[in-house]
Amino acid sequence: MKNGSSSAQIEHVVKLVKEMGLKDHVIVGEERTVVACIGSDRLKNRGALETCEGVDKVVPILAPYKMASREVKKEQSVIPLMAGRMNDKSPVIGGKKVGVIAGPCSVEGRSQILEIAHMMKEAGAIGLRGGAFKPRTSPYAFQGLAVEGLKYLAEAREQTGLAIVTEVMSIDQVDVCCEYADVLQIGARNMQNFNLLNKVGETKKAVLLKRGMSATLEEFLLAAEYIMARGNSNVILCERGIRTFEDYVRNTLPLAIVPELHRVSHLPVVVDPSHGTGKSYLVESMCKASVAAGADGLIVETHADPEHAFTDGAQSMTPAMFTDMMTSIKRVATAVDREV
Ligand code: PEP
Ligand code: MN
């Protein structure tokens, strides 16, 4: 739409788009409003839209992902972590500030999660992570505390104000996760679970979408598109490392994806150097590198006693390591005109 187009003009365009059998998404940006028209067919009656009052131009979006594309929205998106809960005071990912989400791989018990939550808050985190439903390679391994874990996470939010980030593994877990948590994490193993993507797309919660361990950038953004096409634009992309031939690390962390995602998409990008390396002593360096590469946030595993962690102890930072890391990324953030 033209700069300064009226809401009546926008509504008229939306009406026409619907009549054409297309799905409309109105994206209100700082400079202009865009009416995204989604449909599998080519736009047949382009002329009818082009001549509408208030319309600046009708442009086909070339990328296979549309809503997630930078072509549709030029400004970087800022995602409130507590979307649909307490919007006003919600911490955000995507602004000048690099937001840090930290906490254990798994919720192991009430005192464990409350203790680490206070430590993370103290050290400057804006979100608390912790898995209540865990995707484990072995069916005999610890599977998470499920709803009990969600309750402890909610209690940690009450005490600290941290936004709660937790993984949802299946459609039937979405409602209960929405009840207790703020940000729904879609794990790497579920990045192409299209039914799950659709389901979280129907919620209003922020979604932290992790890149699948063998997914291309395009597949990653098409997964984000599933969520957005259902009406939920609160998507945060998370690079967590991919499978390669290299085995000195658990995964290879390809940081070039950060500026590349920023080039082709308006969605904020968070990096997970814990799963991205698998080794706690590598995490601080990769946090610094991520911030230098332009990451909008970090998600880091921490544990008060990593040696006894139920899951992912080897890659979990102690609170002391985490505090040091927060200090060192501040200096990098300043160098790249960001804040922590
Ligand atoms: C996790 O965050 O603990 C996790 C299982 O991550 P990923 O899906 O990236 O392996
Ligand atoms: Mn983990």
# chains A, B, ... in the order shown; residues from 1 in each chain; ligands from 1
>>> residues_near_ligand(ligand="ligand 2", cutoff="9 Å", atoms="only C-alpha atoms and all ligand atoms", output="VMD selection string")
chain A and resid 104 to 106 130 to 131 134 274 to 275 301 311 to 313 315 to 316
>>> write_last_selection(atoms="N, CA and C atoms", output="PDB file, in the first residue's frame")
ATOM      1  N   PRO A 104      18.639 -24.989  32.314  1.00  0.00           N
ATOM      2  CA  PRO A 104      19.072 -26.372  32.094  1.00  0.00           C
ATOM      3  C   PRO A 104      18.457 -26.981  30.836  1.00  0.00           C
ATOM      4  N   CYS A 105      19.080 -28.041  30.381  1.00  0.00           N
ATOM      5  CA  CYS A 105      18.512 -28.799  29.269  1.00  0.00           C
ATOM      6  C   CYS A 105      17.131 -29.289  29.696  1.00  0.00           C
ATOM      7  N   SER A 106      17.075 -29.952  30.875  1.00  0.00           N
ATOM      8  CA  SER A 106      15.814 -30.515  31.363  1.00  0.00           C
ATOM      9  C   SER A 106      15.441 -29.937  32.730  1.00  0.00           C
ATOM     10  N   GLY A 130      14.107 -24.743  29.741  1.00  0.00           N
ATOM     11  CA  GLY A 130      14.081 -25.985  30.509  1.00  0.00           C
ATOM     12  C   GLY A 130      13.081 -26.903  29.840  1.00  0.00           C
ATOM     13  N   GLY A 131      13.515 -28.103  29.530  1.00  0.00           N
ATOM     14  CA  GLY A 131      12.634 -29.045  28.853  1.00  0.00           C
ATOM     15  C   GLY A 131      11.829 -29.853  29.857  1.00  0.00           C
ATOM     16  N   LYS A 134      11.065 -34.133  26.787  1.00  0.00           N
ATOM     17  CA  LYS A 134      12.391 -34.229  26.175  1.00  0.00           C
ATOM     18  C   LYS A 134      12.435 -35.224  25.014  1.00  0.00           C
ATOM     19  N   SER A 274      25.297 -24.239  22.756  1.00  0.00           N
ATOM     20  CA  SER A 274      25.412 -25.427  23.615  1.00  0.00           C
ATOM     21  C   SER A 274      25.245 -26.682  22.766  1.00  0.00           C
ATOM     22  N   HIS A 275      24.084 -26.789  22.083  1.00  0.00           N
ATOM     23  CA  HIS A 275      23.921 -27.922  21.171  1.00  0.00           C
ATOM     24  C   HIS A 275      24.831 -27.759  19.958  1.00  0.00           C
ATOM     25  N   GLU A 301      22.620 -23.562  27.557  1.00  0.00           N
ATOM     26  CA  GLU A 301      22.297 -24.490  28.656  1.00  0.00           C
ATOM     27  C   GLU A 301      23.214 -24.250  29.851  1.00  0.00           C
ATOM     28  N   THR A 311      20.542 -34.499  31.726  1.00  0.00           N
ATOM     29  CA  THR A 311      20.755 -34.470  30.270  1.00  0.00           C
ATOM     30  C   THR A 311      21.715 -33.341  29.902  1.00  0.00           C
ATOM     31  N   ASP A 312      22.533 -33.597  28.908  1.00  0.00           N
ATOM     32  CA  ASP A 312      23.410 -32.575  28.300  1.00  0.00           C
ATOM     33  C   ASP A 312      24.342 -31.853  29.273  1.00  0.00           C
ATOM     34  N   GLY A 313      24.829 -32.576  30.284  1.00  0.00           N
ATOM     35  CA  GLY A 313      25.758 -31.978  31.249  1.00  0.00           C
ATOM     36  C   GLY A 313      27.043 -31.479  30.604  1.00  0.00           C
ATOM     37  N   GLN A 315      27.680 -30.103  27.912  1.00  0.00           N
ATOM     38  CA  GLN A 315      27.607 -28.811  27.219  1.00  0.00           C
ATOM     39  C   GLN A 315      27.002 -27.713  28.088  1.00  0.00           C
ATOM     40  N   SER A 316      26.715 -28.034  29.350  1.00  0.00           N
ATOM     41  CA  SER A 316      26.071 -27.048  30.221  1.00  0.00           C
ATOM     42  C   SER A 316      27.110 -26.214  30.962  1.00  0.00           C
TER      43      SER A 316
END
>>> closest_atom_pairs(of="chain A", to="ligand 1", cutoff="6 Å", atoms="only C-alpha atoms and all ligand atoms", output="JSON lines")
{"residue": "A:Cys105", "atom": "CA", "partner": "ligand 1", "partner_atom_place_in_ligand_line": "3 (O)", "distance": 4.7}
{"residue": "A:Pro135", "atom": "CA", "partner": "ligand 1", "partner_atom_place_in_ligand_line": "5 (C)", "distance": 6.0}
{"residue": "A:Gly187", "atom": "CA", "partner": "ligand 1", "partner_atom_place_in_ligand_line": "8 (O)", "distance": 3.3}
{"residue": "A:Ala188", "atom": "CA", "partner": "ligand 1", "partner_atom_place_in_ligand_line": "8 (O)", "distance": 3.7}
{"residue": "A:Arg189", "atom": "CA", "partner": "ligand 1", "partner_atom_place_in_ligand_line": "8 (O)", "distance": 5.8}
{"residue": "A:Lys210", "atom": "CA", "partner": "ligand 1", "partner_atom_place_in_ligand_line": "9 (O)", "distance": 5.8}
{"residue": "A:Arg240", "atom": "CA", "partner": "ligand 1", "partner_atom_place_in_ligand_line": "9 (O)", "distance": 5.3}
>>> write_last_selection(atoms="C-alpha atoms", output="compact mmCIF listing (two decimals), in the first residue's frame")
# COMPACT_ATOMS: atom_id res chain seq x y z
CA CYS A 105 18.51 -28.80 29.27
CA PRO A 135 13.13 -35.72 22.76
CA GLY A 187 13.11 -28.88 18.54
CA ALA A 188 15.48 -29.75 15.73
CA ARG A 189 13.91 -33.20 15.38
CA LYS A 210 15.18 -24.74 15.88
CA ARG A 240 21.66 -25.03 16.83
>>> select_by_dssp(residues="segment 174-291 of chain A", states="strand (DSSP E or B)", output="list in words")
Val183, Leu184, Gln185, Ile186, Ala206, Val207, Leu208, Leu209, Lys210, Val235, Ile236, Leu237, Cys238, Glu239, Ile242, Thr252, Ser265, Val269, Val270 and Val271 of chain A
>>> atom_distance(atom1="atom CA of Glu167 of chain A", atom2="atom CA of Gly276 of chain A")
17.1 Å
>>> closest_residue(among="A:Ala181, A:Ile171, A:Ala8, A:Ala68", to="Glu219 of chain A", atoms="only C-alpha atoms")
A:Ala68
>>> select_by_dssp(residues="segment 69-123 of chain A", states="alpha helix (DSSP H)", output="short mmCIF file (atom, residue, chain, number, x, y, z; two decimals) with C-alpha atoms, in the first residue's frame")
data_model
loop_
_atom_site.label_atom_id
_atom_site.label_comp_id
_atom_site.auth_asym_id
_atom_site.auth_seq_id
_atom_site.Cartn_x
_atom_site.Cartn_y
_atom_site.Cartn_z
CA ARG A 110 11.50 -27.92 41.75
CA SER A 111 14.55 -26.73 43.68
CA GLN A 112 16.88 -27.27 40.70
CA ILE A 113 14.84 -25.07 38.38
CA LEU A 114 14.06 -22.38 40.98
CA GLU A 115 17.71 -22.13 42.01
CA ILE A 116 19.05 -21.83 38.47
CA ALA A 117 16.26 -19.42 37.50
CA HIS A 118 17.33 -16.95 40.18
CA MET A 119 20.97 -17.30 39.15
CA MET A 120 20.18 -16.70 35.49
CA LYS A 121 18.02 -13.69 36.31
CA GLU A 122 20.82 -12.29 38.44
CA ALA A 123 23.31 -12.78 35.59
#
>>> atom_distance(atom1="atom CA of Ser214 of chain A", atom2="atom CA of Ile79 of chain A")
26.0 Å
>>> decode(residues="segment 242-304 of chain A", atoms="C-alpha atoms", output="mmCIF file, in the first residue's frame")
data_model
loop_
_atom_site.group_PDB
_atom_site.id
_atom_site.type_symbol
_atom_site.label_atom_id
_atom_site.label_comp_id
_atom_site.auth_asym_id
_atom_site.auth_seq_id
_atom_site.Cartn_x
_atom_site.Cartn_y
_atom_site.Cartn_z
ATOM 1 C CA ILE A 242 24.096 -29.260 11.937
ATOM 2 C CA ARG A 243 25.400 -32.782 11.345
ATOM 3 C CA THR A 244 28.630 -32.961 9.409
ATOM 4 C CA PHE A 245 31.533 -35.415 9.108
ATOM 5 C CA GLU A 246 33.316 -33.518 11.873
ATOM 6 C CA ASP A 247 33.310 -35.266 15.231
ATOM 7 C CA TYR A 248 35.360 -33.163 17.645
ATOM 8 C CA VAL A 249 32.107 -31.307 18.287
ATOM 9 C CA ARG A 250 28.574 -32.657 18.766
ATOM 10 C CA ASN A 251 27.323 -30.490 15.888
ATOM 11 C CA THR A 252 28.953 -28.002 13.540
ATOM 12 C CA LEU A 253 27.764 -24.453 14.201
ATOM 13 C CA PRO A 254 27.494 -22.625 10.864
ATOM 14 C CA LEU A 255 27.417 -18.976 11.847
ATOM 15 C CA ALA A 256 27.260 -17.616 8.305
ATOM 16 C CA ILE A 257 23.591 -18.485 8.467
ATOM 17 C CA VAL A 258 23.029 -15.547 10.833
ATOM 18 C CA PRO A 259 23.786 -12.757 8.321
ATOM 19 C CA GLU A 260 22.290 -14.836 5.507
ATOM 20 C CA LEU A 261 19.001 -15.274 7.374
ATOM 21 C CA HIS A 262 18.985 -11.565 8.094
ATOM 22 C CA ARG A 263 19.471 -10.879 4.413
ATOM 23 C CA VAL A 264 16.543 -13.006 3.241
ATOM 24 C CA SER A 265 14.181 -12.828 6.236
ATOM 25 C CA HIS A 266 12.931 -10.258 8.739
ATOM 26 C CA LEU A 267 12.696 -12.821 11.549
ATOM 27 C CA PRO A 268 15.112 -12.557 14.477
ATOM 28 C CA VAL A 269 17.856 -15.153 14.782
ATOM 29 C CA VAL A 270 19.009 -16.791 17.994
ATOM 30 C CA VAL A 271 22.045 -19.074 18.257
ATOM 31 C CA ASP A 272 22.356 -22.112 20.534
ATOM 32 C CA PRO A 273 26.089 -22.685 21.032
ATOM 33 C CA SER A 274 25.412 -25.427 23.615
ATOM 34 C CA HIS A 275 23.921 -27.922 21.171
ATOM 35 C CA GLY A 276 26.043 -26.238 18.497
ATOM 36 C CA THR A 277 29.250 -27.514 20.088
ATOM 37 C CA GLY A 278 28.324 -30.058 22.758
ATOM 38 C CA LYS A 279 31.222 -28.895 24.932
ATOM 39 C CA SER A 280 30.818 -26.320 27.672
ATOM 40 C CA TYR A 281 34.370 -24.987 27.226
ATOM 41 C CA LEU A 282 33.569 -24.004 23.629
ATOM 42 C CA VAL A 283 30.333 -22.229 24.428
ATOM 43 C CA GLU A 284 31.673 -18.825 25.514
ATOM 44 C CA SER A 285 33.753 -18.385 22.342
ATOM 45 C CA MET A 286 30.820 -19.323 20.142
ATOM 46 C CA CYS A 287 28.537 -16.960 22.078
ATOM 47 C CA LYS A 288 30.974 -14.147 21.311
ATOM 48 C CA ALA A 289 31.206 -15.210 17.676
ATOM 49 C CA SER A 290 27.413 -15.360 17.408
ATOM 50 C CA VAL A 291 26.999 -11.839 18.741
ATOM 51 C CA ALA A 292 29.739 -10.629 16.392
ATOM 52 C CA ALA A 293 27.902 -12.273 13.476
ATOM 53 C CA GLY A 294 24.752 -10.334 14.340
ATOM 54 C CA ALA A 295 22.702 -12.817 16.380
ATOM 55 C CA ASP A 296 19.641 -11.250 18.012
ATOM 56 C CA GLY A 297 19.823 -13.623 20.919
ATOM 57 C CA LEU A 298 21.467 -16.666 22.478
ATOM 58 C CA ILE A 299 20.010 -19.752 24.102
ATOM 59 C CA VAL A 300 22.464 -21.420 26.437
ATOM 60 C CA GLU A 301 22.297 -24.490 28.656
ATOM 61 C CA THR A 302 23.340 -23.951 32.252
ATOM 62 C CA HIS A 303 23.337 -26.168 35.325
ATOM 63 C CA ALA A 304 24.397 -25.626 38.923
#
